[in-house]
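Structure file query-v7.tsv; described as TSV, C-alpha atoms.
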chain	number	residue	atom	x	y	z
A	1	TRP	CA	6.04	31.39	1.51
A	2	THR	CA	9.33	33.12	0.80
A	3	MET	CA	12.79	32.71	2.24
A	4	LEU	CA	15.52	34.91	0.87
A	5	ASN	CA	19.19	33.98	1.26
A	6	GLY	CA	18.53	32.55	4.71
A	7	ASP	CA	18.05	36.09	6.05
A	8	ALA	CA	14.25	36.24	6.42
A	9	ILE	CA	11.12	34.12	6.69
A	10	ASP	CA	8.02	35.87	5.42
A	11	ALA	CA	4.52	34.40	4.97
A	12	SER	CA	0.91	35.49	5.05
A	13	THR	CA	-0.59	32.22	6.34
A	14	VAL	CA	0.83	28.92	7.59
A	15	GLN	CA	-1.53	26.01	8.28
A	16	THR	CA	-0.94	22.65	9.98
A	17	ARG	CA	-3.27	19.80	10.91
A	18	GLY	CA	-2.76	16.96	13.35
A	19	GLY	CA	0.23	16.18	15.55
A	20	ARG	CA	1.14	15.50	19.16
A	21	PHE	CA	3.37	17.48	21.51
A	22	SER	CA	4.50	15.94	24.82
A	23	VAL	CA	6.57	17.31	27.73
A	24	TYR	CA	7.83	15.37	30.77
A	25	PHE	CA	9.21	17.03	33.94
A	26	ASP	CA	10.76	15.04	36.81
A	27	ARG	CA	10.84	17.18	39.98
A	28	SER	CA	13.12	14.67	41.72
A	29	LEU	CA	16.00	15.73	39.46
A	30	PRO	CA	18.18	18.80	40.12
A	31	LEU	CA	16.57	21.92	38.69
A	32	LYS	CA	18.10	23.52	35.62
A	33	ASN	CA	17.97	27.25	35.00
A	34	LYS	CA	14.95	27.86	32.74
A	35	MET	CA	15.22	31.63	32.52
A	36	GLY	CA	15.34	33.15	29.05
A	37	ASN	CA	13.18	30.47	27.43
A	38	PHE	CA	9.76	32.15	27.28
A	39	PRO	CA	8.17	32.30	23.79
A	40	SER	CA	8.98	35.98	23.23
A	41	GLN	CA	12.56	35.43	24.42
A	42	LEU	CA	13.05	32.48	22.05
A	43	LEU	CA	11.68	34.55	19.17
A	44	ALA	CA	14.11	37.37	19.99
A	45	LYS	CA	17.02	34.90	19.81
A	46	LEU	CA	16.26	33.84	16.22
A	47	GLN	CA	19.08	34.70	13.84
A	48	VAL	CA	16.71	35.31	10.90
A	49	ALA	CA	13.98	37.92	10.51
A	50	LEU	CA	10.53	36.39	11.01
A	51	ASN	CA	7.23	37.83	9.85
A	52	VAL	CA	4.19	35.53	9.55
A	53	THR	CA	0.77	37.17	9.57
A	54	LYS	CA	-1.12	34.11	10.78
A	55	VAL	CA	-0.35	30.54	11.83
A	56	GLN	CA	-3.27	28.13	12.18
A	57	MET	CA	-2.78	24.77	13.94
A	58	ARG	CA	-5.69	22.35	13.99
A	59	ASP	CA	-6.38	19.02	15.77
A	60	LEU	CA	-3.27	19.14	17.94
A	61	ASP	CA	-2.91	16.95	21.05
A	62	ILE	CA	-0.75	18.27	23.90
A	63	ALA	CA	0.34	16.44	27.06
A	64	TYR	CA	2.35	17.70	30.04
A	65	GLU	CA	3.41	15.02	32.53
A	66	GLU	CA	5.10	15.81	35.85
A	67	PHE	CA	6.55	13.48	38.48
A	68	ASN	CA	6.06	14.58	42.10
A	69	PRO	CA	8.63	12.99	44.45
A	70	ILE	CA	6.46	13.81	47.48
A	71	SER	CA	3.55	11.69	46.29
A	72	GLY	CA	5.78	9.34	44.32
A	73	GLN	CA	3.36	9.63	41.40
A	74	SER	CA	3.02	11.40	38.06
A	75	GLY	CA	0.14	13.52	36.84
A	76	THR	CA	-0.61	14.41	33.24
A	77	VAL	CA	-2.41	17.49	31.95
A	78	SER	CA	-3.89	16.64	28.57
A	79	LEU	CA	-5.23	19.01	25.92
A	80	SER	CA	-6.97	17.25	23.03
A	81	ASN	CA	-8.50	18.53	19.80
A	82	THR	CA	-6.55	21.77	20.25
A	83	ASN	CA	-7.02	24.53	17.68
A	84	LEU	CA	-4.57	27.43	17.86
A	85	THR	CA	-4.17	30.67	15.95
A	86	VAL	CA	-0.96	32.68	16.20
A	87	SER	CA	-1.31	36.25	14.95
A	88	ASN	CA	1.56	38.64	14.14
A	89	LEU	CA	4.30	36.03	14.56
A	90	HIS	CA	7.47	38.09	14.31
A	91	ASN	CA	10.73	38.89	16.11
A	92	ASN	CA	11.01	42.61	15.44
A	93	PRO	CA	10.61	44.62	18.68
A	94	LYS	CA	10.21	47.82	16.62
A	95	GLN	CA	7.05	46.52	14.96
A	96	GLY	CA	4.98	47.37	18.05
A	97	GLN	CA	2.43	44.58	17.56
A	98	PRO	CA	2.36	41.81	20.21
A	99	VAL	CA	2.44	38.16	19.22
A	100	VAL	CA	-1.02	36.78	20.07
A	101	VAL	CA	-1.78	33.10	20.62
A	102	SER	CA	-5.44	32.16	21.03
A	103	GLY	CA	-7.31	28.91	20.83
A	104	THR	CA	-9.69	26.29	22.12
A	105	SER	CA	-9.13	22.81	23.48
A	106	SER	CA	-10.59	19.97	25.52
A	107	LEU	CA	-8.87	19.80	28.92
A	108	MET	CA	-8.62	16.27	30.31
A	109	GLY	CA	-10.74	15.08	27.43
A	110	SER	CA	-13.98	16.74	28.54
A	111	ILE	CA	-13.54	20.32	29.84
A	112	PRO	CA	-14.15	23.06	27.22
A	113	LEU	CA	-11.22	25.47	27.36
A	114	ARG	CA	-10.60	28.82	25.68
A	115	ALA	CA	-7.41	30.81	26.18
A	116	SER	CA	-5.48	33.78	24.81
A	117	PHE	CA	-1.86	34.90	25.37
A	118	ARG	CA	-0.18	38.15	24.38
A	119	PHE	CA	3.62	38.51	24.15
A	120	PRO	CA	4.94	42.06	23.61
A	121	LEU	CA	8.27	41.79	21.81
A	122	GLN	CA	9.37	45.19	23.15
A	123	GLN	CA	9.61	43.53	26.57
A	124	ALA	CA	10.97	40.19	25.46
A	125	LYS	CA	14.07	40.54	27.64
A	126	LYS	CA	11.87	40.24	30.74
A	127	GLY	CA	9.57	37.63	29.21
A	128	MET	CA	6.50	39.80	29.75
A	129	PHE	CA	3.08	38.34	28.87
A	130	SER	CA	-0.63	38.57	29.67
A	131	ALA	CA	-3.26	35.86	29.43
A	132	THR	CA	-6.94	35.07	29.84
A	133	LEU	CA	-8.44	31.61	30.31
A	134	GLN	CA	-12.01	30.36	30.54
A	135	THR	CA	-13.58	26.93	30.90
A	136	GLY	CA	-17.08	25.61	30.47
A	137	ALA	CA	-18.94	23.47	33.00
A	138	PHE	CA	-17.48	20.21	34.33
A	139	GLN	CA	-17.50	17.83	37.28
A	140	GLY	CA	-14.65	18.48	39.72
A	141	LYS	CA	-13.59	14.83	39.87
A	142	VAL	CA	-12.35	15.10	36.28
A	143	LEU	CA	-9.30	16.95	37.66
A	144	ASN	CA	-8.30	14.23	40.16
A	145	PRO	CA	-5.70	12.67	37.80
A	146	ILE	CA	-3.88	16.03	38.15
A	147	THR	CA	-4.71	17.14	41.69
A	148	ARG	CA	-4.03	13.81	43.42
A	149	PRO	CA	-0.41	13.21	42.32
A	150	LEU	CA	0.67	16.85	41.91
A	151	GLY	CA	-1.34	18.66	44.60
A	152	MET	CA	-1.94	15.84	47.12
A	153	LEU	CA	-5.61	16.78	46.90
A	154	ASN	CA	-8.69	14.75	45.99
A	155	ILE	CA	-11.90	16.37	44.78
A	156	ASP	CA	-14.61	14.21	46.38
A	157	GLU	CA	-17.64	16.14	45.18
A	158	GLY	CA	-18.54	19.31	43.36
A	159	SER	CA	-19.50	20.70	39.99
A	160	VAL	CA	-17.91	23.71	38.29
A	161	LYS	CA	-20.00	26.08	36.21
A	162	LYS	CA	-17.16	28.26	34.98
A	163	LEU	CA	-13.53	29.12	35.66
A	164	GLU	CA	-12.15	32.48	34.55
A	165	VAL	CA	-8.51	33.50	34.96
A	166	THR	CA	-6.72	36.71	34.01
A	167	MET	CA	-3.00	37.15	34.60
A	168	GLN	CA	0.03	39.27	33.81
A	169	GLY	CA	3.56	38.09	34.32
A	170	HIS	CA	7.17	37.68	33.28
A	171	GLU	CA	9.84	35.00	33.48
A	172	TRP	CA	10.00	35.22	37.31
A	173	GLY	CA	6.30	34.71	37.98
A	174	ALA	CA	2.73	35.86	37.41
A	175	ARG	CA	-0.08	37.67	39.22
A	176	GLY	CA	-3.78	37.71	38.46
A	177	THR	CA	-7.36	37.00	39.49
A	178	VAL	CA	-9.31	33.74	39.56
A	179	ALA	CA	-13.11	33.48	39.51
A	180	LEU	CA	-14.35	29.93	40.07
A	181	GLN	CA	-18.11	29.33	40.04
A	182	TYR	CA	-18.89	26.00	41.69
A	183	ASN	CA	-21.44	24.11	43.78
A	184	ASP	CA	-21.25	21.53	46.60
A	185	LEU	CA	-17.46	21.32	46.75
A	186	LYS	CA	-15.81	18.81	49.07
A	187	LEU	CA	-12.07	18.10	49.19
A	188	SER	CA	-9.74	15.60	50.83
A	189	MET	CA	-6.13	16.42	51.70
A	190	LEU	CA	-3.83	13.47	50.99
A	191	GLU	CA	-0.57	12.10	52.36
A	192	LYS	CA	1.68	9.30	51.21
A	193	ASN	CA	0.90	6.13	53.18
A	194	LYS	CA	3.49	4.49	55.44
A	195	GLU	CA	4.14	1.66	52.98
A	196	GLY	CA	5.00	4.21	50.29
A	197	LYS	CA	2.32	2.80	48.00
A	198	GLY	CA	-0.51	5.16	47.18
A	199	MET	CA	-1.95	7.95	49.36
A	200	ASN	CA	-4.30	8.21	52.33
A	201	ASP	CA	-6.80	10.87	53.35
A	202	LYS	CA	-5.56	13.36	55.97
A	203	ASN	CA	-8.83	13.21	57.90
A	204	LEU	CA	-8.30	16.16	60.28
A	205	LEU	CA	-6.91	18.53	57.64
A	206	SER	CA	-9.68	17.55	55.23
A	207	PHE	CA	-12.30	18.30	57.88
A	208	LEU	CA	-10.78	21.68	58.71
A	209	ALA	CA	-10.42	22.64	55.05
A	210	ASN	CA	-14.04	21.82	54.22
A	211	ALA	CA	-15.51	23.25	57.44
A	212	LEU	CA	-13.45	26.39	58.00
A	213	VAL	CA	-11.57	27.41	54.86
A	214	ILE	CA	-13.39	26.39	51.69
A	215	ARG	CA	-16.78	27.81	50.75
A	216	ASN	CA	-19.19	25.02	49.82
A	217	SER	CA	-20.36	27.01	46.80
A	218	ASN	CA	-19.37	30.18	44.95
A	219	PRO	CA	-21.50	32.24	44.90
A	220	ALA	CA	-22.68	31.11	48.34
A	221	LYS	CA	-26.29	32.16	47.69
A	222	PRO	CA	-28.33	32.80	44.54
A	223	GLY	CA	-28.04	36.42	43.45
A	224	GLU	CA	-24.71	37.04	45.17
A	225	ALA	CA	-21.65	38.11	43.23
A	226	VAL	CA	-19.04	35.50	42.38
A	227	GLN	CA	-16.11	35.77	44.78
A	228	LYS	CA	-12.82	36.42	43.01
A	229	LYS	CA	-9.41	35.57	44.44
A	230	GLU	CA	-6.05	37.21	43.88
A	231	ALA	CA	-3.47	34.63	42.86
A	232	SER	CA	0.30	34.69	42.43
A	233	PHE	CA	2.94	32.31	41.21
A	234	ASP	CA	6.71	32.57	41.61
A	235	ARG	CA	8.69	30.54	39.09
A	236	ASP	CA	11.74	28.49	39.99
A	237	PRO	CA	14.87	29.90	38.25

For this file, produce the structure as structure tokens.
Amino acid sequence: WTMLNGDAIDASTVQTRGGRFSVYFDRSLPLKNKMGNFPSQLLAKLQVALNVTKVQMRDLDIAYEEFNPISGQSGTVSLSNTNLTVSNLHNNPKQGQPVVVSGTSSLMGSIPLRASFRFPLQQAKKGMFSATLQTGAFQGKVLNPITRPLGMLNIDEGSVKKLEVTMQGHEWGARGTVALQYNDLKLSMLEKNKEGKGMNDKNLLSFLANALVIRNSNPAKPGEAVQKKEASFDRDP
């Protein structure tokens, strides 16, 4: 590791082990402008030259908790036993190489997760990125601690064989495709009860969703191709 006169940070390999990173977001509070804070944008703002060939982080626990004022509850996305590798960590847009973050983790303590992100520094001003994500098999109910408070949705039944996501985006949003292989899925739409304590099943909407909108399985029949969906996300400023 070398650092010369405070003007540059240069290293071949940096390794860390252990640690916990937590984020809390309260949606009942006034929104603050979050533009300009994507990883590539933060790197571009550094006042010293940065060039690290590889950063390896092992056994990291990550938690993102969000309060939903509509449900009156918080949901937490947890990533345990996370192993990350950051390749070509730099802040020189002329270098041409993207910063690549890849790794594995256990989502909600039991779902195998593998992901990769690419951040081209030449397009840091727009916060451009691309990503791929893949999970292993899991029971749908494992996601209820997230979907109930944040999505007002309960997963009653269903098993997931695999989830694959590819996306491209920038600081204003992202677009991509989602391929979810699952069997025997049944959902319940929720609403906050009249006493303001807990949530109740929206019986009619749940019936319509399961009967008319949601496929019970994907693929619907053995031998059929997995149905992919186009997805988009627009980010709050």

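Closest to Ser80 (chain A) among A:Gly223, A:Pro145, A:Pro112, A:Gly151 is A:Pro112, based on all atoms listed in the file.
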
Exercise. Quick one: everything within 12 Å of Ser74 (chain A), counting only C-alpha atoms, minus sequence neighbours fewer than 4 positions away in the same chain. Send it as number ranges by chain.
Key: A: 24-28, 64-70, 144-152, 198

Exercise. Show which residues sit within 6 Å of Gly173 (chain A), as a PyMOL selection string. Count all atoms listed in the file, and ignore same-chain residues fewer than 2 positions away.
Key: chain A and resi 169-171+233-235

Quiz item: In terms of the shortest atom-to-atom distance over only C-alpha atoms, which of A:Ile111, A:Ile9, A:Ala63, A:Val23 is closest to Val48 (chain A)?
Solution: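 Under the stated criterion, the closest residue is A:Ile9.
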
Quiz item: For the atom pair CA of Leu185 (chain A) and CA of Val160 (chain A), what is the interatomic distance in Å to one decimal place?
Solution: 8.8 Å

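You can rank A:Pro30, A:Gly36, A:Pro219, A:Gly96 by their closest distance to Pro120 (chain A) using only C-alpha atoms, and at the top of that list sits A:Gly96.
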
Exercise. Using all atoms listed in the file, determine which residues lie at most 9 Å from Met57 (chain A), disregarding the query and same-chain residues fewer than 5 positions distant; provide the list as an MDAnalysis selection string.
Key: chainID A and resid 14:18 82:86

Could you dump the residues just selected with C-alpha atoms as a CSV table (one decimal), in the coordinates of the input?
chain,number,residue,atom,x,y,z
A,14,VAL,CA,0.8,28.9,7.6
A,15,GLN,CA,-1.5,26.0,8.3
A,16,THR,CA,-0.9,22.6,10.0
A,17,ARG,CA,-3.3,19.8,10.9
A,18,GLY,CA,-2.8,17.0,13.4
A,82,THR,CA,-6.6,21.8,20.2
A,83,ASN,CA,-7.0,24.5,17.7
A,84,LEU,CA,-4.6,27.4,17.9
A,85,THR,CA,-4.2,30.7,16.0
A,86,VAL,CA,-1.0,32.7,16.2

Quiz prompt | Minimum-distance residue to Pro222 (chain A), chosen among A:Thr13, A:Ser87, A:Asn183, A:Ser188 (using all atoms listed in the file) | solution =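 Looking only at the distances to Pro222 (chain A), the closest residue turns out to be A:Asn183.
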
Practice problem: Report the distance between CA of Ser12 (chain A) and CA of Lys94 (chain A) in Å, rounded to one decimal place. | Solution: 19.3 Å

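Between Gln56 (chain A) and the residues A:Ala131, A:Leu31, A:Leu89, A:Ile214, the shortest atom-to-atom distance, using only C-alpha atoms, involves A:Leu89.
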
Quiz prompt | Counting all atoms listed in the file, the option among A:Val55, A:Leu43, A:Met35, A:Leu50 closest to Ala8 (chain A) | solution =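 That would be A:Leu50, the residue with the smallest distance to Ala8 (chain A).
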
Quiz prompt | Exercise: Gln97 (chain A) partners within 12 Å, only C-alpha atoms, chain neighbours under 6 positions left out, as a PyMOL selection string | solution = chain A and resi 51+53+87-91+118-123
